[in-house]
Each structure stands twice: as structure tokens, then as C-alpha cells.
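A.B. asks: Just one file: input_8.txt, with compact mmCIF, C-alpha atoms.
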```txt
# COMPACT_ATOMS: atom_id res chain seq x y z
CA MET W 1493 0.00 0.00 0.00
CA LEU W 1494 0.90 3.67 -0.29
CA HIS W 1495 1.36 5.84 2.80
CA ILE W 1496 1.25 9.61 2.29
CA VAL W 1497 2.64 11.95 4.95
CA ASN W 1498 2.29 15.76 4.80
CA LYS W 1499 3.35 17.00 8.26
CA SER W 1500 6.80 18.06 9.44
CA PRO W 1501 8.48 15.26 11.45
CA SER W 1502 9.58 17.79 14.07
CA GLU W 1503 6.12 19.19 14.65
CA ARG W 1504 3.76 16.21 14.49
CA ASN W 1505 4.01 12.47 15.07
CA ALA W 1506 2.40 11.58 11.69
CA LEU W 1507 5.68 10.28 10.26
CA ASP W 1508 6.37 8.17 13.36
CA SER W 1509 2.89 6.62 13.18
CA CYS W 1510 3.37 5.96 9.48
CA LEU W 1511 6.75 4.31 10.02
CA ARG W 1512 5.27 2.13 12.75
CA MET W 1513 2.54 0.88 10.39
CA ALA W 1514 4.47 0.63 7.13
CA LYS W 1515 5.32 -2.94 6.18
CA LYS W 1516 8.04 -4.49 4.03
CA GLY W 1517 7.30 -3.73 0.39
CA SER W 1518 5.05 -0.76 1.07
CA THR W 1519 5.66 2.75 -0.20
CA ILE W 1520 5.86 6.05 1.64
CA LEU W 1521 5.41 9.35 -0.18
CA LEU W 1522 6.46 12.52 1.63
CA ILE W 1523 4.69 15.72 0.53
CA GLU W 1524 4.33 19.31 1.80
CA ASP W 1525 6.08 19.81 5.18
CA ALA W 1526 6.86 16.08 5.46
CA VAL W 1527 9.63 16.56 2.87
CA TYR W 1528 11.80 17.95 5.69
CA ALA W 1529 12.23 14.29 6.73
CA VAL W 1530 14.58 13.65 3.81
CA THR W 1531 17.43 15.84 5.11
CA LYS W 1532 20.89 14.31 5.50
CA GLY W 1533 22.39 15.04 8.90
CA SER W 1534 19.03 15.59 10.61
CA THR W 1535 17.81 13.59 13.60
CA VAL W 1536 15.22 11.93 11.33
CA GLU W 1537 17.86 10.44 9.00
CA SER W 1538 18.34 7.24 11.03
CA LYS W 1539 14.58 6.54 11.06
CA MET W 1540 14.33 6.96 7.28
CA LYS W 1541 17.36 4.73 6.70
CA ALA W 1542 15.93 2.08 9.03
CA ALA W 1543 12.67 2.11 7.03
CA MET W 1544 14.51 1.74 3.72
CA ALA W 1545 16.57 -1.11 5.18
CA LYS W 1546 13.24 -2.90 5.84
CA ASP W 1547 12.50 -2.73 2.10
CA ILE W 1548 10.09 0.19 2.39
CA HIS W 1549 10.25 2.46 -0.66
CA VAL W 1550 10.47 6.16 0.18
CA TYR W 1551 9.61 8.96 -2.24
CA ALA W 1552 9.52 12.74 -1.84
CA LEU W 1553 7.54 15.14 -4.00
CA TRP W 1554 10.18 17.36 -5.61
CA PRO W 1555 8.02 20.47 -6.18
CA ASP W 1556 7.58 20.56 -2.37
CA LEU W 1557 11.29 19.89 -1.79
CA GLU W 1558 12.25 22.67 -4.19
CA ALA W 1559 9.72 25.13 -2.71
CA ARG W 1560 11.44 24.71 0.66
CA GLY W 1561 15.01 24.78 -0.65
CA MET W 1562 15.59 21.24 0.62
CA GLN W 1563 16.50 19.59 -2.71
CA ASP W 1564 20.28 19.47 -2.24
CA THR W 1565 20.80 17.26 0.82
CA VAL W 1566 18.42 14.39 0.24
CA ILE W 1567 19.27 11.12 2.03
CA ASP W 1568 20.62 8.49 -0.39
CA GLY W 1569 17.96 6.03 -1.50
CA ILE W 1570 15.03 8.44 -1.28
CA LYS W 1571 13.53 8.85 -4.73
CA GLN W 1572 12.00 12.07 -6.02
CA VAL W 1573 8.75 12.23 -7.98
CA ASP W 1574 6.87 14.98 -9.79
CA TYR W 1575 3.07 15.36 -9.90
CA PRO W 1576 2.56 12.72 -12.65
CA GLY W 1577 4.80 10.41 -10.56
CA PHE W 1578 2.51 11.03 -7.59
CA VAL W 1579 -0.46 9.93 -9.72
CA ASP W 1580 1.41 6.80 -10.81
CA LEU W 1581 2.16 5.87 -7.19
CA VAL W 1582 -1.53 6.18 -6.31
CA ALA W 1583 -2.57 4.18 -9.38
CA ASP W 1584 0.04 1.46 -8.81
CA ASN W 1585 -0.93 0.81 -5.21
CA LYS W 1586 -3.94 -1.18 -4.07
CA ASN W 1587 -4.87 1.35 -1.37
CA VAL W 1588 -3.71 4.60 0.18
CA GLN W 1589 -3.47 5.88 3.75
CA SER W 1590 -2.95 9.61 4.33
CA TRP W 1591 -1.31 10.38 7.67
CA LEU W 1592 -2.70 13.86 8.35
CA MET U 1044 -3.35 53.11 27.50
CA SER U 1045 -7.08 52.76 26.86
CA GLU U 1046 -7.19 51.00 23.51
CA SER U 1047 -5.61 47.67 22.78
CA THR U 1048 -2.60 48.58 20.68
CA GLY U 1049 -0.58 45.42 21.09
CA GLY U 1050 1.50 46.96 23.84
CA ILE U 1051 2.50 50.04 21.85
CA ASP U 1052 1.75 53.14 23.94
CA MET U 1053 0.19 55.64 21.57
CA ASP U 1054 -0.38 58.48 24.08
CA GLU U 1055 1.06 61.88 23.15
CA GLU U 1056 2.82 62.40 26.49
CA SER U 1057 4.74 59.17 26.27
CA SER U 1058 5.57 59.24 22.54
CA GLY U 1059 9.17 58.31 22.02
CA THR U 1060 9.02 55.36 24.38
CA VAL U 1061 10.84 52.47 22.77
CA LYS U 1062 9.87 48.96 23.80
CA LYS U 1063 11.62 45.71 23.08
CA PHE U 1064 9.50 43.59 20.73
CA ALA U 1065 10.32 39.99 19.83
CA PHE U 1066 8.58 37.98 17.14
CA ILE U 1067 8.94 34.26 17.76
CA ASN U 1068 8.75 32.18 14.56
CA ARG U 1069 8.25 28.45 15.07
CA LYS U 1070 6.57 27.26 11.84
CA ALA U 1071 7.90 26.06 8.48
CA PRO U 1072 7.24 28.47 5.58
CA TYR U 1073 4.64 26.89 3.26
CA GLY U 1074 2.62 24.21 5.10
CA THR U 1075 0.74 26.85 7.13
CA ILE U 1076 0.13 30.61 6.83
CA TYR U 1077 2.02 31.49 10.05
CA ALA U 1078 5.37 32.41 8.48
CA LEU U 1079 3.88 34.72 5.86
CA GLU U 1080 1.56 36.40 8.39
CA SER U 1081 4.45 36.94 10.80
CA LEU U 1082 6.47 38.60 8.05
CA GLU U 1083 3.55 40.93 7.27
CA VAL U 1084 3.25 41.97 10.93
CA VAL U 1085 7.02 42.44 11.23
CA LEU U 1086 7.03 44.73 8.20
CA ILE U 1087 4.16 46.78 9.68
CA SER U 1088 5.97 46.98 13.02
CA ALA U 1089 8.96 48.55 11.28
CA ALA U 1090 6.85 51.70 10.89
CA PHE U 1091 6.64 52.15 14.68
CA ASP U 1092 10.38 52.62 15.36
CA GLN U 1093 10.46 50.03 18.12
CA ASP U 1094 13.34 47.77 19.15
CA VAL U 1095 12.44 44.71 17.07
CA SER U 1096 14.01 41.25 17.32
CA LEU U 1097 13.11 38.26 15.14
CA VAL U 1098 13.58 34.84 16.67
CA PHE U 1099 13.59 31.61 14.66
CA MET U 1100 13.34 28.30 16.48
CA ASP U 1101 11.84 24.83 15.95
CA ASP U 1102 10.54 24.54 12.33
CA GLY U 1103 10.75 28.35 12.07
CA VAL U 1104 14.43 27.98 11.12
CA TYR U 1105 13.25 26.53 7.78
CA GLN U 1106 11.87 29.98 6.86
CA LEU U 1107 15.46 31.14 6.34
CA LYS U 1108 16.66 28.16 4.26
CA LYS U 1109 18.55 29.20 1.12
CA GLY U 1110 17.44 28.01 -2.32
CA GLN U 1111 13.64 28.11 -1.98
CA GLY U 1112 11.92 27.87 -5.39
CA THR U 1113 8.14 27.76 -5.38
CA LYS U 1114 7.30 27.98 -9.08
CA ALA U 1115 6.27 24.30 -9.34
CA VAL U 1116 3.92 24.48 -6.35
CA GLY U 1117 2.34 27.74 -7.53
CA MET U 1118 2.93 29.66 -4.29
CA LYS U 1119 4.67 32.97 -3.58
CA ASN U 1120 8.33 32.60 -2.60
CA PHE U 1121 8.56 35.15 0.19
CA SER U 1122 12.04 34.15 1.39
CA PRO U 1123 13.80 37.08 -0.42
CA THR U 1124 11.84 39.44 1.87
CA TYR U 1125 14.04 38.40 4.81
CA ARG U 1126 16.98 39.96 2.95
CA ALA U 1127 15.06 43.25 2.67
CA LEU U 1128 14.42 43.54 6.43
CA GLU U 1129 17.72 45.39 6.86
CA GLY U 1130 16.25 48.20 4.73
CA TYR U 1131 13.49 48.56 7.32
CA ASP U 1132 16.05 48.78 10.15
CA ILE U 1133 15.19 45.29 11.34
CA GLU U 1134 18.64 43.88 11.91
CA LYS U 1135 18.30 41.67 14.97
CA LEU U 1136 17.72 38.13 13.73
CA TYR U 1137 18.34 35.25 16.12
CA VAL U 1138 18.32 31.52 15.39
CA GLU U 1139 18.36 28.80 18.01
CA LYS U 1140 21.40 26.55 17.64
CA GLU U 1141 19.69 23.35 18.79
CA SER U 1142 16.84 23.77 16.27
CA LEU U 1143 19.29 24.25 13.39
CA GLU U 1144 21.45 21.27 14.33
CA SER U 1145 18.65 18.74 14.78
CA ARG U 1146 17.47 19.62 11.26
CA GLY U 1147 20.89 19.01 9.68
CA LEU U 1148 21.33 22.72 8.94
CA THR U 1149 24.13 25.20 9.61
CA GLU U 1150 24.40 28.99 9.53
CA GLU U 1151 25.73 28.68 5.95
CA ASP U 1152 22.38 27.23 4.84
CA LEU U 1153 20.56 30.46 5.73
CA ILE U 1154 19.58 33.24 3.31
CA VAL U 1155 20.54 36.08 5.73
CA ASP U 1156 23.15 36.78 8.40
CA VAL U 1157 21.85 35.82 11.81
CA GLU U 1158 23.12 35.47 15.34
CA VAL U 1159 23.01 31.84 16.45
CA LEU U 1160 22.13 31.50 20.14
CA THR U 1161 22.00 28.45 22.38
CA ALA U 1162 18.64 27.61 23.97
CA GLU U 1163 19.88 29.12 27.21
CA GLU U 1164 20.93 32.38 25.53
CA MET U 1165 17.60 32.48 23.68
CA ALA U 1166 15.71 32.06 26.95
CA THR U 1167 17.56 35.09 28.34
CA LEU U 1168 16.81 37.13 25.22
CA MET U 1169 13.10 36.32 25.48
CA ASP U 1170 13.10 37.19 29.16
CA GLU U 1171 14.47 40.66 28.38
CA GLN U 1172 11.58 41.61 26.06
CA ASP U 1173 8.70 43.96 26.83
CA VAL U 1174 6.40 42.34 24.27
CA VAL U 1175 6.60 38.83 22.80
CA MET U 1176 4.54 37.97 19.73
CA SER U 1177 4.19 34.31 18.87
CA PHE U 1178 3.77 32.85 15.38
```
Translate the structure of the given file into C-alpha cells.

C.D. replies:
Amino acid sequence: MLHIVNKSPSERNALDSCLRMAKKGSTILLIEDAVYAVTKGSTVESKMKAAMAKDIHVYALWPDLEARGMQDTVIDGIKQVDYPGFVDLVADNKNVQSWL
Amino acid sequence: MSESTGGIDMDEESSGTVKKFAFINRKAPYGTIYALESLEVVLISAAFDQDVSLVFMDDGVYQLKKGQGTKAVGMKNFSPTYRALEGYDIEKLYVEKESLESRGLTEEDLIVDVEVLTAEEMATLMDEQDVVMSF
């Protein structure tokens, strides 16, 4: 399934809840303020790496990354998608959970 | 002071009184309206010749991140405005060290020159203010 997160990891616990519920093979898409979770050297980096090590695919929406100036220090292994890529992720997954 | 003027004393007899104002910014720039609204109020406050400090902590430090480009999301990129604050005599910008570090950022990642303060130093700065406005 696809998990979508839109809240900053340092303000809300949406990302933590998502990571707790995401299973091997599932996909996480970070949008809006959740894209701050992709930053190398941040305290969230270890959590994101642990998720990817469990075979969870992590994507970030690049228009939101670019809006916030966060496009240059993205953790290795996190893929970036544009709006059509977002649509593909929704279409390719059986169901979607939005962690608001 | 009879009217509510946000702590600014507008009486004739006491005109010229300068108070210490701090604007505390704790929200990321685009996910909510807080950052933009704060900037609007700060720019208005510049007209009152008060002693204005801008504080950035928690996700507020993201407001000053270099390299913001909002064309693809169709929103206004207001980050260049922080560079114009100097022209309004707003020169006291403070960033909390702990907030920067936990987000993997350094002073070099910021669009303007700031003074980086530890949490303890920031607490002292806040304590010294006459008026604290929270965003």
C-alpha cells in the first residue's frame, strides 16, 4: 500500500505513526512539510534509513522539496517524484493511507 | 493606555518610548500561513520605530533556508523578503542553535546573516523583552 505523509516530522508524530505501520514492500510518499524528513544530517535520517533497510520504498515530491530549498541534501535512497509520478504511485498501489 | 494597541503606547505624552519587541517564529514556511503572516506583521511593526528582534526556532528555522523555489507548487516565494528587512532597520535576527542542528542545517544554509544562540541564551533574550509575539 501507499502511505502519504504531509506533516513536518519535528512538529507532528504523523511520520512516526506511518513508520510504525508501514510494512516491508510498502511505499511512503512525503509531501508538503513532510519533505523535511529527507534531510541528511538531521535527527530523522536514522529513522528513514531504518525504514529503507526494511525494504520500504520512500519517495519525496520534488516540487515541495524545491519550494522549501531542501533539494540538495536528500538522504541516499530516497527517490524524487513529480506530480505525474505522484499519480502513478496512487494508481500502482492497491490502497492509500494519508497520515494527516 | 485605553485602547488595545498590542502593547504600543500611543499616548502623546509618552511618545518616544521604545519597547523591546520579539517575534517568535516556530513554523515552516509553506505548510501553514504562520510564516507569511508573521512577516507581514514584522514589516508593519517597522513603521513604529520600536526595538524589534526576530527569533527563529523549531521549524521556524526553515523559513530562512537558502534556495527556496516555489514555481512548481504555484505559491509565492517570500524568502527574499528576509533579505530586505535590513532596509526597514530590522537587523536583529536570532536563530536557536539546537533547532538548526537537529534539522541538519548550519548557519551557511541560511539566506541572511543571523546570530546563532543556544537555547539558554535564547531564553535570556526572550526574558528581556517587553512584548513577545508568537507565530

A.B. asks: Based on all atoms listed in the file, which of the residues in chain U come within 10 Å of chain W? I want them as a PyMOL selection string.

C.D. replies: chain U and resi 1069-1075+1101-1102+1105-1120+1122+1142-1148+1152

A.B. asks: Would you mind reading off the distance between atom CA of Ile1520 of chain W and atom CA of Phe1578 of chain W, one decimal, in Å?

C.D. replies: 11.0 Å

A.B. asks: Contacts of segment 1505-1515 of chain W at 10 Å or less, counting all atoms listed in the file, minus same-chain residues fewer than 4 places along, as a PDB file with C-alpha atoms, in the coordinates of the input?

C.D. replies:
```
ATOM      1  CA  MET W1493       0.000   0.000   0.000  1.00  0.00           C
ATOM      2  CA  LEU W1494       0.900   3.670  -0.290  1.00  0.00           C
ATOM      3  CA  HIS W1495       1.360   5.840   2.800  1.00  0.00           C
ATOM      4  CA  ILE W1496       1.250   9.610   2.290  1.00  0.00           C
ATOM      5  CA  VAL W1497       2.640  11.950   4.950  1.00  0.00           C
ATOM      6  CA  ASN W1498       2.290  15.760   4.800  1.00  0.00           C
ATOM      7  CA  LYS W1499       3.350  17.000   8.260  1.00  0.00           C
ATOM      8  CA  SER W1500       6.800  18.060   9.440  1.00  0.00           C
ATOM      9  CA  PRO W1501       8.480  15.260  11.450  1.00  0.00           C
ATOM     10  CA  THR W1519       5.660   2.750  -0.200  1.00  0.00           C
ATOM     11  CA  ILE W1520       5.860   6.050   1.640  1.00  0.00           C
ATOM     12  CA  LEU W1522       6.460  12.520   1.630  1.00  0.00           C
ATOM     13  CA  ALA W1526       6.860  16.080   5.460  1.00  0.00           C
ATOM     14  CA  ALA W1529      12.230  14.290   6.730  1.00  0.00           C
ATOM     15  CA  VAL W1536      15.220  11.930  11.330  1.00  0.00           C
ATOM     16  CA  LYS W1539      14.580   6.540  11.060  1.00  0.00           C
ATOM     17  CA  MET W1540      14.330   6.960   7.280  1.00  0.00           C
ATOM     18  CA  ALA W1542      15.930   2.080   9.030  1.00  0.00           C
ATOM     19  CA  ALA W1543      12.670   2.110   7.030  1.00  0.00           C
ATOM     20  CA  LYS W1546      13.240  -2.900   5.840  1.00  0.00           C
ATOM     21  CA  ASP W1547      12.500  -2.730   2.100  1.00  0.00           C
ATOM     22  CA  ILE W1548      10.090   0.190   2.390  1.00  0.00           C
ATOM     23  CA  HIS W1549      10.250   2.460  -0.660  1.00  0.00           C
ATOM     24  CA  GLN W1589      -3.470   5.880   3.750  1.00  0.00           C
ATOM     25  CA  SER W1590      -2.950   9.610   4.330  1.00  0.00           C
ATOM     26  CA  TRP W1591      -1.310  10.380   7.670  1.00  0.00           C
ATOM     27  CA  LEU W1592      -2.700  13.860   8.350  1.00  0.00           C
TER      28      LEU W1592
END
```

A.B. asks: Name all residues at most 9 Å from Val1157 of chain U (count only C-alpha atoms; drop same-chain ones fewer than 4 positions away) and give them as a PyMOL selection string.

C.D. replies: chain U and resi 1134-1138+1150+1153

A.B. asks: Starting from the point (19.9, 26.3, 19.1), work out which residues of protein, DNA or RNA have an atom no more than 6 Å away when counting all atoms listed in the file; state them as a ChimeraX atom specification.

C.D. replies: /U:1139-1142,1160-1162

A.B. asks: Atoms to include: C-alpha atoms. Write the selected residues as an mmCIF file, in the frame of the given file.

C.D. replies:
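Generated file (again05.cif):
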```cif
data_model
loop_
_atom_site.group_PDB
_atom_site.id
_atom_site.type_symbol
_atom_site.label_atom_id
_atom_site.label_comp_id
_atom_site.auth_asym_id
_atom_site.auth_seq_id
_atom_site.Cartn_x
_atom_site.Cartn_y
_atom_site.Cartn_z
ATOM 1 C CA GLU U 1139 18.360 28.800 18.010
ATOM 2 C CA LYS U 1140 21.400 26.550 17.640
ATOM 3 C CA GLU U 1141 19.690 23.350 18.790
ATOM 4 C CA SER U 1142 16.840 23.770 16.270
ATOM 5 C CA LEU U 1160 22.130 31.500 20.140
ATOM 6 C CA THR U 1161 22.000 28.450 22.380
ATOM 7 C CA ALA U 1162 18.640 27.610 23.970
#
```

A.B. asks: Suppose you want the space between atom CA of Leu1521 of chain W and atom CA of Val1550 of chain W; what is it in Å?

C.D. replies: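 Atom-to-atom, atom CA of Leu1521 of chain W to atom CA of Val1550 of chain W, that is 6.0 Å.
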
A.B. asks: Which neighbours of Phe1066 of chain U fall inside 10 Å, counting all atoms listed in the file, when residues of the same chain fewer than 2 positions from it are skipped, and could you give them as number ranges by chain?

C.D. replies: U: 1064, 1068-1069, 1081-1082, 1084-1085, 1095-1099, 1136, 1169, 1174-1178

A.B. asks: Find the residue from W:Ala1545, W:Ala1583, W:Leu1553, W:Val1588 that sits nearest to Gly1569 of chain W; use all atoms listed in the file when measuring.

C.D. replies: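 Once distances to Gly1569 of chain W are computed over all atoms listed in the file, the minimum belongs to W:Ala1545.
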
A.B. asks: Quick one: of W:Arg1504, W:Gly1517, W:Lys1571, W:Ser1538, who's nearest to Ala1552 of chain W, counting only C-alpha atoms?

C.D. replies: W:Lys1571

A.B. asks: Calculated over all atoms listed in the file, which of the candidates W:Lys1541, W:Val1579, W:Asp1584, W:Lys1516 has the smallest distance to Val1566 of chain W?

C.D. replies: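 Among the listed residues, W:Lys1541 lies closest to Val1566 of chain W.
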
A.B. asks: Could you check how far atom CA of Ile1154 of chain U sits from atom CA of Tyr1077 of chain U, in Å to one decimal?

C.D. replies: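 Spanning atom CA of Ile1154 of chain U to atom CA of Tyr1077 of chain U is a straight-line distance of 18.9 Å.
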
A.B. asks: Determine the axis-aligned bounding box of all atoms of segment 1069-1082 of chain U present in the file, pad each side by 3 Å, and express its centre and edge lengths in Å to one decimal place as lines of an AutoDock Vina configuration file.

C.D. replies:
```
center_x = 4.2
center_y = 31.4
center_z = 9.2
size_x = 14.1
size_y = 20.4
size_z = 17.8
```
